[in-house]
file upload.csv (CSV, C-alpha atoms and all ligand atoms)
chain,number,residue,atom,x,y,z
W,1,MET,CA,58.7,0.7,-43.9
W,2,LYS,CA,60.6,2.7,-46.5
W,3,THR,CA,59.3,6.3,-46.3
W,4,ASP,CA,60.2,9.1,-48.7
W,5,LEU,CA,59.5,12.7,-47.6
W,6,ASN,CA,57.8,15.2,-50.0
W,7,ALA,CA,58.1,12.6,-52.8
W,8,THR,CA,56.7,13.4,-56.3
W,9,LEU,CA,53.8,11.2,-57.4
W,10,ARG,CA,54.5,12.0,-61.1
W,11,SER,CA,55.4,8.5,-62.0
W,12,HIS,CA,52.7,7.1,-59.7
W,13,ASN,CA,49.7,8.5,-61.5
W,14,THR,CA,48.9,7.8,-65.2
W,15,PHE,CA,48.0,11.4,-65.9
W,16,GLY,CA,51.6,12.2,-64.9
W,17,PHE,CA,50.5,15.1,-62.6
W,18,ASP,CA,53.5,16.4,-60.6
W,19,VAL,CA,52.1,16.6,-57.0
W,20,LEU,CA,53.8,15.7,-53.8
W,21,ALA,CA,53.1,13.1,-51.1
W,22,GLU,CA,54.1,14.4,-47.7
W,23,ARG,CA,55.2,10.9,-46.7
W,24,LEU,CA,55.3,8.2,-49.3
W,25,VAL,CA,55.4,4.7,-47.8
W,26,HIS,CA,56.1,1.6,-49.8
W,27,ILE,CA,53.8,-1.2,-48.6
W,28,THR,CA,55.5,-4.5,-49.4
W,29,ASP,CA,54.2,-6.7,-46.7
W,30,ARG,CA,50.7,-7.4,-45.4
W,31,GLN,CA,51.6,-6.4,-41.8
W,32,GLU,CA,52.7,-3.0,-43.0
W,33,ILE,CA,49.0,-2.1,-43.6
W,34,PRO,CA,48.0,-1.9,-39.9
W,35,ALA,CA,51.4,-0.4,-39.1
W,36,LEU,CA,50.7,2.5,-41.5
W,37,VAL,CA,47.2,3.2,-40.1
W,38,ASP,CA,48.7,3.0,-36.5
W,39,LYS,CA,51.4,5.5,-37.4
W,40,ALA,CA,49.0,7.9,-39.1
W,41,ASN,CA,46.6,7.7,-36.0
W,42,LYS,CA,49.5,8.4,-33.6
W,43,ASP,CA,50.7,11.3,-35.7
W,44,LYS,CA,47.0,12.5,-36.1
W,45,ALA,CA,47.8,12.5,-39.8
W,46,ALA,CA,45.6,11.4,-42.8
W,47,TRP,CA,46.4,8.3,-44.8
W,48,THR,CA,45.7,7.4,-48.4
W,49,ILE,CA,46.3,4.3,-50.5
W,50,LEU,CA,47.6,4.4,-54.0
W,51,GLY,CA,47.8,1.4,-56.4
W,52,GLY,CA,48.9,2.1,-60.0
W,53,GLY,CA,47.4,5.6,-59.9
W,54,SER,CA,45.4,4.8,-63.1
W,55,ASN,CA,42.1,6.0,-61.8
W,56,LEU,CA,43.1,9.2,-60.1
W,57,VAL,CA,43.1,12.9,-60.6
W,58,LEU,CA,45.7,14.4,-58.3
W,59,ALA,CA,44.9,18.1,-58.1
W,60,LYS,CA,46.9,19.0,-55.0
W,61,ASN,CA,49.7,17.7,-52.8
W,62,ILE,CA,48.6,14.9,-50.5
W,63,PRO,CA,49.1,15.5,-46.8
W,64,GLY,CA,50.0,12.8,-44.3
W,65,TYR,CA,50.9,9.2,-45.3
W,66,VAL,CA,50.5,7.9,-48.8
W,67,GLY,CA,50.8,4.1,-48.9
W,68,LEU,CA,51.9,2.8,-52.2
W,69,MET,CA,50.5,-0.7,-52.5
W,70,ALA,CA,53.3,-3.0,-53.6
W,71,ILE,CA,52.6,-6.4,-51.9
W,72,LYS,CA,53.3,-9.2,-54.4
W,73,GLY,CA,52.3,-12.8,-54.6
W,74,ARG,CA,49.8,-15.0,-56.5
W,75,ARG,CA,48.7,-18.6,-56.1
W,76,LEU,CA,46.1,-21.3,-56.7
W,77,VAL,CA,44.3,-21.5,-53.4
W,78,LYS,CA,42.1,-24.5,-54.0
W,79,GLU,CA,40.0,-26.2,-56.7
W,80,THR,CA,36.6,-27.7,-56.5
W,81,ASP,CA,34.7,-29.8,-59.1
W,82,SER,CA,33.5,-26.6,-60.7
W,83,HIS,CA,36.1,-23.9,-60.1
W,84,PHE,CA,39.7,-22.9,-59.7
W,85,TYR,CA,40.3,-20.3,-56.9
W,86,LEU,CA,43.1,-17.9,-57.6
W,87,GLU,CA,44.4,-15.3,-55.2
W,88,ALA,CA,46.7,-12.4,-55.9
W,89,MET,CA,48.1,-9.9,-53.4
W,90,ALA,CA,46.9,-6.3,-53.8
W,91,GLY,CA,50.2,-4.9,-55.3
W,92,GLU,CA,50.3,-7.3,-58.2
W,93,ASN,CA,49.9,-5.6,-61.6
W,94,TRP,CA,46.4,-6.5,-62.9
W,95,HIS,CA,47.4,-7.2,-66.5
W,96,ASP,CA,50.4,-9.4,-65.4
W,97,PHE,CA,48.1,-11.3,-63.2
W,98,VAL,CA,45.6,-11.9,-66.0
W,99,ALA,CA,48.5,-13.1,-68.3
W,100,TRP,CA,49.8,-15.3,-65.5
W,101,THR,CA,46.4,-17.1,-65.0
W,102,LEU,CA,46.2,-17.8,-68.7
W,103,ASN,CA,49.8,-19.1,-68.8
W,104,GLN,CA,49.0,-21.4,-65.9
W,105,GLY,CA,46.0,-22.8,-67.8
W,106,TYR,CA,43.2,-20.9,-65.9
W,107,ALA,CA,40.8,-19.2,-68.3
W,108,GLY,CA,38.2,-16.6,-67.4
W,109,LEU,CA,39.9,-13.2,-67.0
W,110,GLU,CA,41.0,-12.7,-70.6
W,111,ASN,CA,38.3,-10.1,-71.4
W,112,LEU,CA,39.9,-7.8,-68.8
W,113,ALA,CA,43.4,-7.9,-70.3
W,114,LEU,CA,45.4,-4.7,-70.4
W,115,ILE,CA,43.4,-2.7,-67.8
W,116,PRO,CA,46.1,-0.7,-66.0
W,117,GLY,CA,46.5,-0.7,-62.2
W,118,THR,CA,46.7,-3.2,-59.4
W,119,VAL,CA,44.8,-6.3,-58.3
W,120,GLY,CA,43.9,-4.6,-55.0
W,121,ALA,CA,42.1,-1.8,-56.8
W,122,SER,CA,40.2,-4.0,-59.2
W,123,PRO,CA,37.1,-4.6,-56.9
W,124,ILE,CA,37.1,-0.9,-55.8
W,125,GLN,CA,35.3,0.3,-58.9
W,126,ASN,CA,34.4,-3.2,-60.1
W,127,ILE,CA,36.6,-2.9,-63.2
W,128,GLY,CA,34.9,-4.0,-66.4
W,129,ALA,CA,35.5,-4.2,-70.1
W,130,TYR,CA,34.5,-6.2,-73.2
W,131,GLY,CA,31.4,-7.9,-71.6
W,132,LEU,CA,33.0,-8.8,-68.3
W,133,GLU,CA,33.2,-7.2,-64.8
W,134,VAL,CA,35.3,-8.3,-61.8
W,135,ALA,CA,32.0,-9.0,-60.0
W,136,HIS,CA,31.4,-11.9,-62.4
W,137,VAL,CA,34.6,-13.8,-61.4
W,138,PHE,CA,35.0,-12.5,-57.9
W,139,ASP,CA,35.1,-14.9,-54.9
W,140,SER,CA,36.3,-12.9,-51.9
W,141,LEU,CA,38.9,-10.4,-50.6
W,142,GLU,CA,40.8,-9.6,-47.5
W,143,ALA,CA,41.0,-6.1,-46.2
W,144,PHE,CA,42.1,-4.2,-43.1
W,145,ASP,CA,39.3,-2.2,-41.5
W,146,ALA,CA,41.0,1.0,-40.3
W,147,GLN,CA,37.9,1.8,-38.2
W,148,THR,CA,37.8,-1.4,-36.1
W,149,GLN,CA,41.5,-2.2,-36.6
W,150,GLU,CA,40.7,-5.7,-37.7
W,151,TRP,CA,41.2,-7.9,-40.7
W,152,VAL,CA,38.0,-8.7,-42.5
W,153,ARG,CA,36.9,-11.0,-45.4
W,154,PHE,CA,34.4,-9.8,-47.9
W,155,ASN,CA,32.4,-12.2,-50.1
W,156,LYS,CA,30.7,-11.1,-53.3
W,157,ALA,CA,27.4,-10.0,-51.6
W,158,ASP,CA,29.4,-7.9,-49.0
W,159,CYS,CA,31.0,-5.9,-51.8
W,160,GLN,CA,27.7,-4.6,-53.2
W,161,PHE,CA,29.1,-4.5,-56.7
W,162,ALA,CA,27.3,-2.4,-59.4
W,163,TYR,CA,28.4,-0.6,-62.6
W,164,ARG,CA,31.9,0.8,-61.7
W,165,ASP,CA,30.9,0.8,-58.1
W,166,SER,CA,31.3,-1.2,-54.8
W,167,VAL,CA,30.9,-0.7,-51.1
W,168,PHE,CA,34.5,0.5,-51.0
W,169,LYS,CA,33.8,3.6,-53.0
W,170,HIS,CA,31.3,4.6,-50.4
W,171,HIS,CA,33.9,4.2,-47.5
W,172,PRO,CA,37.0,5.6,-49.1
W,173,HIS,CA,39.1,5.9,-45.9
W,174,ARG,CA,38.1,2.7,-44.1
W,175,TYR,CA,39.2,-0.5,-45.9
W,176,ILE,CA,42.6,-1.3,-47.3
W,177,VAL,CA,42.5,-4.4,-49.6
W,178,SER,CA,45.4,-6.8,-49.1
W,179,SER,CA,44.5,-9.6,-51.5
W,180,VAL,CA,41.7,-10.7,-53.8
W,181,CYS,CA,40.5,-14.2,-54.7
W,182,PHE,CA,38.8,-15.0,-58.0
W,183,ALA,CA,36.7,-18.1,-58.9
W,184,LEU,CA,37.3,-19.2,-62.5
W,185,PRO,CA,34.9,-21.9,-63.8
W,186,LYS,CA,36.5,-25.1,-65.0
W,187,GLN,CA,33.8,-25.3,-67.8
W,188,TRP,CA,35.1,-22.2,-69.5
W,189,GLN,CA,33.1,-20.7,-72.3
W,190,ALA,CA,34.2,-17.8,-74.5
W,191,ASN,CA,32.5,-14.5,-73.6
W,192,LEU,CA,31.9,-12.8,-76.9
W,193,SER,CA,28.9,-10.8,-75.7
W,194,TYR,CA,30.6,-7.5,-76.5
W,195,ALA,CA,29.7,-6.7,-80.1
W,196,GLU,CA,33.2,-5.7,-81.2
W,197,LEU,CA,34.6,-9.0,-79.9
W,198,ALA,CA,31.9,-11.0,-81.5
W,199,LYS,CA,32.6,-9.3,-84.8
W,200,ALA,CA,36.3,-10.0,-84.6
W,201,PHE,CA,35.6,-13.7,-84.2
W,202,ASN,CA,32.7,-13.9,-86.6
W,203,SER,CA,30.4,-15.0,-83.8
W,204,THR,CA,26.6,-14.8,-84.3
W,205,ALA,CA,23.6,-15.3,-82.1
W,206,SER,CA,23.2,-18.8,-83.6
W,207,ALA,CA,26.8,-19.9,-83.7
W,208,THR,CA,29.8,-19.3,-81.4
W,209,PRO,CA,33.0,-20.2,-83.1
W,210,SER,CA,35.6,-22.3,-81.3
W,211,VAL,CA,38.0,-19.8,-79.9
W,212,THR,CA,40.6,-20.0,-77.1
W,213,ALA,CA,41.0,-17.8,-74.1
W,214,LEU,CA,44.4,-16.8,-75.3
W,215,ALA,CA,43.0,-15.7,-78.6
W,216,ILE,CA,40.5,-13.5,-76.8
W,217,PHE,CA,43.3,-12.1,-74.6
W,218,ASP,CA,45.3,-11.2,-77.7
W,219,LYS,CA,42.3,-9.6,-79.5
W,220,VAL,CA,41.3,-7.6,-76.4
W,221,CYS,CA,44.9,-6.3,-76.2
W,222,GLU,CA,44.9,-5.5,-79.9
W,223,ILE,CA,41.6,-3.6,-79.8
W,224,ARG,CA,42.6,-1.7,-76.6
W,225,GLN,CA,46.0,-0.7,-78.0
W,226,ALA,CA,44.3,0.7,-81.1
W,227,LYS,CA,41.7,2.7,-79.2
W,228,LEU,CA,43.2,4.0,-76.0
W,229,PRO,CA,46.3,6.2,-75.6
W,230,ASP,CA,49.3,4.5,-73.8
W,231,PRO,CA,49.7,6.5,-70.5
W,232,GLN,CA,53.5,6.2,-70.9
W,233,VAL,CA,53.1,8.3,-74.0
W,234,LEU,CA,50.0,10.5,-73.3
W,235,GLY,CA,48.8,10.9,-69.7
W,236,ASN,CA,45.3,9.7,-69.2
W,237,ALA,CA,43.0,7.6,-66.9
W,238,GLY,CA,41.0,5.7,-69.5
W,239,SER,CA,37.3,6.6,-69.6
W,240,PHE,CA,36.9,9.9,-67.7
W,241,PHE,CA,33.1,9.9,-67.3
W,242,HIS,CA,30.7,7.1,-66.5
W,243,ASN,CA,28.3,6.2,-69.3
W,244,PRO,CA,25.1,7.8,-67.9
W,245,ILE,CA,22.1,5.6,-67.2
W,246,VAL,CA,18.8,7.2,-68.0
W,247,SER,CA,15.1,6.1,-67.7
W,248,ASN,CA,13.3,4.7,-70.7
W,249,GLU,CA,11.2,7.9,-70.8
W,250,GLN,CA,14.2,10.1,-71.0
W,251,TYR,CA,15.8,7.8,-73.6
W,252,VAL,CA,12.7,8.0,-75.8
W,253,GLN,CA,12.8,11.8,-75.6
W,254,LEU,CA,16.5,12.0,-76.4
W,255,LYS,CA,16.2,9.5,-79.3
W,256,GLN,CA,13.4,11.7,-80.9
W,257,ALA,CA,15.5,14.8,-80.6
W,258,PHE,CA,18.8,13.1,-81.6
W,259,PRO,CA,18.1,10.0,-83.8
W,260,GLN,CA,21.8,9.2,-84.0
W,261,LEU,CA,22.0,8.8,-80.2
W,262,VAL,CA,24.2,5.8,-79.2
W,263,ALA,CA,22.6,3.9,-76.3
W,264,TYR,CA,22.4,0.3,-75.0
W,265,GLU,CA,19.4,-1.2,-73.2
W,266,LEU,CA,20.3,-2.5,-69.7
W,267,SER,CA,19.3,-5.9,-68.8
W,268,THR,CA,21.6,-6.6,-65.8
W,269,PRO,CA,20.4,-7.6,-62.3
W,270,PHE,CA,21.4,-4.1,-61.1
W,271,HIS,CA,18.6,-2.6,-63.2
W,272,GLN,CA,15.2,-4.2,-62.7
W,273,VAL,CA,13.3,-1.4,-64.5
W,274,LYS,CA,13.9,-0.8,-68.2
W,275,ALA,CA,16.8,1.7,-68.5
W,276,TRP,CA,19.4,2.7,-71.0
W,277,LYS,CA,23.1,3.4,-70.9
W,278,LEU,CA,24.2,6.3,-73.1
W,279,ALA,CA,27.6,6.4,-74.7
W,280,ALA,CA,29.2,9.4,-72.9
W,281,GLY,CA,31.9,9.6,-75.6
W,282,TRP,CA,29.2,10.2,-78.2
W,283,LEU,CA,27.5,13.0,-76.1
W,284,ILE,CA,30.9,14.7,-75.6
W,285,ASP,CA,31.8,14.3,-79.3
W,286,GLN,CA,28.5,16.0,-80.3
W,287,CYS,CA,29.4,19.0,-78.2
W,288,GLY,CA,32.5,19.4,-80.3
W,289,PHE,CA,35.1,18.4,-77.8
W,290,LYS,CA,36.9,15.5,-79.6
W,291,GLY,CA,40.5,16.6,-80.1
W,292,TYR,CA,39.8,19.8,-78.2
W,293,ARG,CA,42.8,21.3,-76.3
W,294,GLN,CA,42.7,23.7,-73.4
W,295,GLY,CA,46.3,24.6,-72.6
W,296,ALA,CA,48.3,21.5,-71.6
W,297,VAL,CA,45.2,19.3,-71.1
W,298,GLY,CA,42.6,18.2,-73.6
W,299,VAL,CA,40.3,15.5,-75.1
W,300,TYR,CA,41.8,12.6,-76.9
W,301,ASP,CA,41.3,13.0,-80.7
W,302,LYS,CA,40.3,9.3,-81.3
W,303,GLN,CA,37.9,8.9,-78.3
W,304,ALA,CA,36.1,11.8,-76.7
W,305,LEU,CA,35.6,9.9,-73.4
W,306,VAL,CA,39.3,10.1,-72.6
W,307,LEU,CA,40.8,13.3,-71.2
W,308,VAL,CA,44.5,13.7,-71.6
W,309,ASN,CA,47.5,15.6,-70.2
W,310,HIS,CA,49.7,16.6,-73.1
W,311,GLY,CA,52.5,17.3,-70.7
W,312,GLY,CA,53.0,19.9,-67.9
W,313,GLY,CA,49.2,20.1,-67.3
W,314,THR,CA,47.8,20.1,-63.7
W,315,GLY,CA,44.9,18.3,-62.1
W,316,GLU,CA,43.1,21.6,-61.6
W,317,GLN,CA,43.3,22.4,-65.3
W,318,LEU,CA,41.9,19.0,-66.1
W,319,LEU,CA,39.0,19.4,-63.6
W,320,GLN,CA,38.2,22.7,-65.2
W,321,LEU,CA,38.0,21.1,-68.6
W,322,ALA,CA,35.9,18.3,-67.2
W,323,GLN,CA,33.5,20.9,-65.7
W,324,ASP,CA,33.2,22.7,-69.1
W,325,ILE,CA,32.4,19.4,-70.7
W,326,GLN,CA,29.8,18.5,-68.1
W,327,GLN,CA,28.1,21.9,-68.6
W,328,LYS,CA,27.9,21.7,-72.4
W,329,VAL,CA,26.5,18.1,-72.2
W,330,GLN,CA,24.0,19.2,-69.6
W,331,GLU,CA,22.9,22.2,-71.8
W,332,LYS,CA,22.6,20.2,-75.0
W,333,PHE,CA,21.2,16.8,-73.7
W,334,LYS,CA,20.0,17.6,-70.2
W,335,VAL,CA,22.2,14.7,-69.0
W,336,GLN,CA,24.6,14.9,-66.1
W,337,LEU,CA,28.0,13.3,-66.6
W,338,THR,CA,29.7,12.0,-63.6
W,339,ILE,CA,33.5,11.7,-63.3
W,340,GLU,CA,34.9,8.1,-63.0
W,341,PRO,CA,38.4,8.6,-61.5
W,342,VAL,CA,38.8,9.4,-57.8
W,343,ILE,CA,39.7,13.1,-57.3
W,344,PHE,CA,42.1,14.5,-54.7
W,345,GLN,CA,41.6,18.3,-54.5
J,401,LIG,C1,44.5,3.6,-70.4
J,401,LIG,C2,43.5,3.2,-69.3
J,401,LIG,C3,42.5,2.3,-69.6
J,401,LIG,C4,41.6,2.0,-68.6
J,401,LIG,N1,40.6,1.1,-68.9
J,401,LIG,C5,39.7,0.7,-68.0
J,401,LIG,C6,38.6,-0.3,-68.3
J,401,LIG,O1,38.5,-0.8,-69.4
J,401,LIG,N2,37.8,-0.6,-67.3
J,401,LIG,C7,37.8,-0.1,-66.0
J,401,LIG,O2,37.0,-0.5,-65.2
J,401,LIG,N3,38.8,0.8,-65.7
J,401,LIG,C8,39.7,1.2,-66.6
J,401,LIG,N4,40.7,2.1,-66.3
J,401,LIG,C9,40.8,2.6,-64.9
J,401,LIG,C10,41.8,1.9,-64.0
J,401,LIG,O3,42.7,1.1,-64.7
J,401,LIG,C11,41.1,1.0,-63.0
J,401,LIG,O4,40.1,1.7,-62.2
J,401,LIG,C12,42.1,0.3,-62.0
J,401,LIG,O5,41.4,-0.7,-61.2
J,401,LIG,C13,42.7,1.3,-61.1
J,401,LIG,O6,43.8,0.6,-60.4
J,401,LIG,P1,44.9,1.4,-59.7
J,401,LIG,O7,45.8,0.4,-59.0
J,401,LIG,O8,45.7,2.2,-60.7
J,401,LIG,O9,44.1,2.3,-58.6
J,401,LIG,P2,44.5,3.8,-58.2
J,401,LIG,O10,44.2,4.7,-59.3
J,401,LIG,O11,45.8,3.9,-57.6
J,401,LIG,O12,43.4,4.0,-57.0
J,401,LIG,C14,42.0,4.1,-57.4
J,401,LIG,C15,41.2,4.1,-56.1
J,401,LIG,O13,41.3,2.9,-55.4
J,401,LIG,C16,41.9,3.0,-54.1
J,401,LIG,N5,42.8,1.9,-53.9
J,401,LIG,C17,43.8,1.4,-54.7
J,401,LIG,N6,44.3,0.3,-54.2
J,401,LIG,C18,43.6,0.0,-53.0
J,401,LIG,C19,43.7,-1.0,-52.1
J,401,LIG,N7,44.6,-2.0,-52.1
J,401,LIG,N8,42.9,-0.9,-51.0
J,401,LIG,C20,41.9,0.1,-50.9
J,401,LIG,N9,41.8,1.1,-51.8
J,401,LIG,C21,42.6,1.0,-52.9
J,401,LIG,C22,42.6,4.4,-54.1
J,401,LIG,O14,42.7,4.9,-52.9
J,401,LIG,C23,41.7,5.2,-55.1
J,401,LIG,O15,40.6,5.6,-54.3
J,401,LIG,C24,41.7,2.5,-67.3
J,401,LIG,C25,42.7,3.4,-67.0
J,401,LIG,C26,43.6,3.7,-68.0
J,401,LIG,C27,44.7,4.7,-67.6
call {"tool": "encode", "arguments": {"input": "upload.csv", "output": "structure tokens"}}
result
Amino acid sequence: MKTDLNATLRSHNTFGFDVLAERLVHITDRQEIPALVDKANKDKAAWTILGGGSNLVLAKNIPGYVGLMAIKGRRLVKETDSHFYLEAMAGENWHDFVAWTLNQGYAGLENLALIPGTVGASPIQNIGAYGLEVAHVFDSLEAFDAQTQEWVRFNKADCQFAYRDSVFKHHPHRYIVSSVCFALPKQWQANLSYAELAKAFNSTASATPSVTALAIFDKVCEIRQAKLPDPQVLGNAGSFFHNPIVSNEQYVQLKQAFPQLVAYELSTPFHQVKAWKLAAGWLIDQCGFKGYRQGAVGVYDKQALVLVNHGGGTGEQLLQLAQDIQQKVQEKFKVQLTIEPVIFQ
């Protein structure tokens, strides 16, 4: 295992925060996962897994072993009458994997194009965008259980997927994902459920135009590039806060007080009772934060949901700004914003 001592993680997190990993280990083979855990246990040291670092706030140096997930490989595992089963190793770049599946003729992941990060991290927060979540196309994954020291296979029910959530988020130092398998339907249908995509393809409730998966892939890339800052240019982790979910009662009160409130009714299996998802970006914008700058960190000027590092900022400064935003939103709307990225502090 290649190990770098006191290595900077600046190029391994999309905010570009310059913190150090005490021991940075490059994991390029499945068997290096149990070896890393074993080594950490013997040294009585902590271990942490990093993928592409696109959902992290690194506010301090990370002690112990930091395993950089870099296991590569992708393949068609099997096909049934109804589905293609495609597997990728945890260190594969997510967007490259999506592009590869389409190039091989397997449609179904196109709505999730251009999400940064690795395949291995995709089930951790059940990544989602443009009307699709990983949970919808997930078959199973393999992970190493650091507690029992055994390899385990998770099916969809085991993962307990919910909005930006899974069982793995609740056991942060237990499972290390080595590969993920996706089930893509042979009877592919365009998913234009997201209003902006439907508009782009002139789709209506009564008529869905004939559109290819590749066309959706290209459109999603185009929309995302116009909306979100490129982390190579401006450090960020995408949406910084979850869109808060409120009861129907709270929604009605808010809508009366703020008629312009942006909200979407939830009708997913995760929410049996009538509930609403509020647009966190709108709440933040209404508190005057869009384009706001606090030293080297700030709020993106085109989308208030995205916090940015203008260069030279620290994770601590960013968390202070996040706290200020949470406080203002709480005061004005009585709504608690929760932070999406994983915080190391
Ligand atoms: C510009 C931008 C746009 C984004 N847009 C979206 C979006 O539309 N939708 C969305 O859902 N997310 C979005 N994100 C967030 C991010 O891309 C996803 O959360 C992504 O899945 C994170 O992958 P990663 O490899 O970078 O994970 P990391 O940030 O490296 O890690 C995230 C967490 O997962 C854990 N982890 C990583 N790999 C493994 C593994 N193999 N086994 C066990 N634990 C692991 C880490 O320990 C950490 O706790 C965006 C981020 C950016 C920067």
call {"tool": "residues_around", "arguments": {"input": "upload.csv", "residues": "region 305-318 of chain W", "least_positions_apart": "2", "cutoff": "7 Å", "atoms": "all atoms listed in the file", "output": "list in words"}}
result
Phe15, Phe17, Val57, Leu58, Ala59, Leu234, Gly235, Asn236, Gly238, Ser239, Phe240, Phe241, Ala280, Gly281, Ala296, Val297, Gly298, Val299, Tyr300, Gln303, Gln320, Leu321 and Ala322 of chain W
call {"tool": "atom_distance", "arguments": {"input": "upload.csv", "atom1": "CA of Lys219 (chain W)", "atom2": "CA of Arg74 (chain W)"}}
result
24.8 Å
call {"tool": "residues_near_point", "arguments": {"input": "upload.csv", "point": "(33.6, -15.4, -53.0)", "cutoff": "7 Å", "atoms": "only C-alpha atoms", "output": "list in words"}}
result
Phe138, Asp139, Ser140, Asn155 and Lys156 of chain W
call {"tool": "closest_residue", "arguments": {"input": "upload.csv", "among": "W:Thr208, W:Gln31, W:Ser11, W:Asn55", "to": "ligand LIG 401 (chain J)", "atoms": "all atoms listed in the file"}}
result
W:Asn55
call {"tool": "residues_near_ligand", "arguments": {"input": "upload.csv", "ligand": "ligand LIG 401 (chain J)", "cutoff": "7 Å", "atoms": "all atoms listed in the file", "output": "PyMOL selection string"}}
result
chain W and resi 14+48-56+69+90+115-122+124-129+164+172+175-178+228-231+236-239+342
call {"tool": "atom_distance", "arguments": {"input": "upload.csv", "atom1": "CA of Ala146 (chain W)", "atom2": "CA of Phe168 (chain W)"}}
result
12.5 Å
call {"tool": "residues_around", "arguments": {"input": "upload.csv", "residues": "Ala275 (chain W)", "least_positions_apart": "4", "cutoff": "7 Å", "atoms": "all atoms listed in the file", "output": "list in words"}}
result
Ile245, Val246, Ser247, Asn248, Glu265 and Leu266 of chain W
call {"tool": "closest_residue", "arguments": {"input": "upload.csv", "among": "W:Asp29, W:Lys332, W:Pro123, W:Ala195", "to": "Lys169 (chain W)", "atoms": "all atoms listed in the file"}}
result
W:Pro123
call {"tool": "atom_distance", "arguments": {"input": "upload.csv", "atom1": "CA of Tyr163 (chain W)", "atom2": "CA of Thr80 (chain W)"}}
result
29.0 Å
call {"tool": "residues_around", "arguments": {"input": "upload.csv", "residues": "region 327-331 of chain W", "least_positions_apart": "4", "cutoff": "8 Å", "atoms": "all atoms listed in the file", "output": "PyMOL selection string"}}
result
chain W and resi 283-284+287+323+335-337
call {"tool": "write_last_selection", "arguments": {"input": "upload.csv", "atoms": "C-alpha atoms", "output": "mmCIF file, keeping the file's coordinate frame"}}
result
data_model
loop_
_atom_site.group_PDB
_atom_site.id
_atom_site.type_symbol
_atom_site.label_atom_id
_atom_site.label_comp_id
_atom_site.auth_asym_id
_atom_site.auth_seq_id
_atom_site.Cartn_x
_atom_site.Cartn_y
_atom_site.Cartn_z
ATOM 1 C CA LEU W 283 27.500 13.000 -76.100
ATOM 2 C CA ILE W 284 30.900 14.700 -75.600
ATOM 3 C CA CYS W 287 29.400 19.000 -78.200
ATOM 4 C CA GLN W 323 33.500 20.900 -65.700
ATOM 5 C CA VAL W 335 22.200 14.700 -69.000
ATOM 6 C CA GLN W 336 24.600 14.900 -66.100
ATOM 7 C CA LEU W 337 28.000 13.300 -66.600
#
call {"tool": "residues_around", "arguments": {"input": "upload.csv", "residues": "Tyr194 (chain W)", "least_positions_apart": "6", "cutoff": "10 Å", "atoms": "only C-alpha atoms", "output": "PyMOL selection string"}}
result
chain W and resi 111+129-132
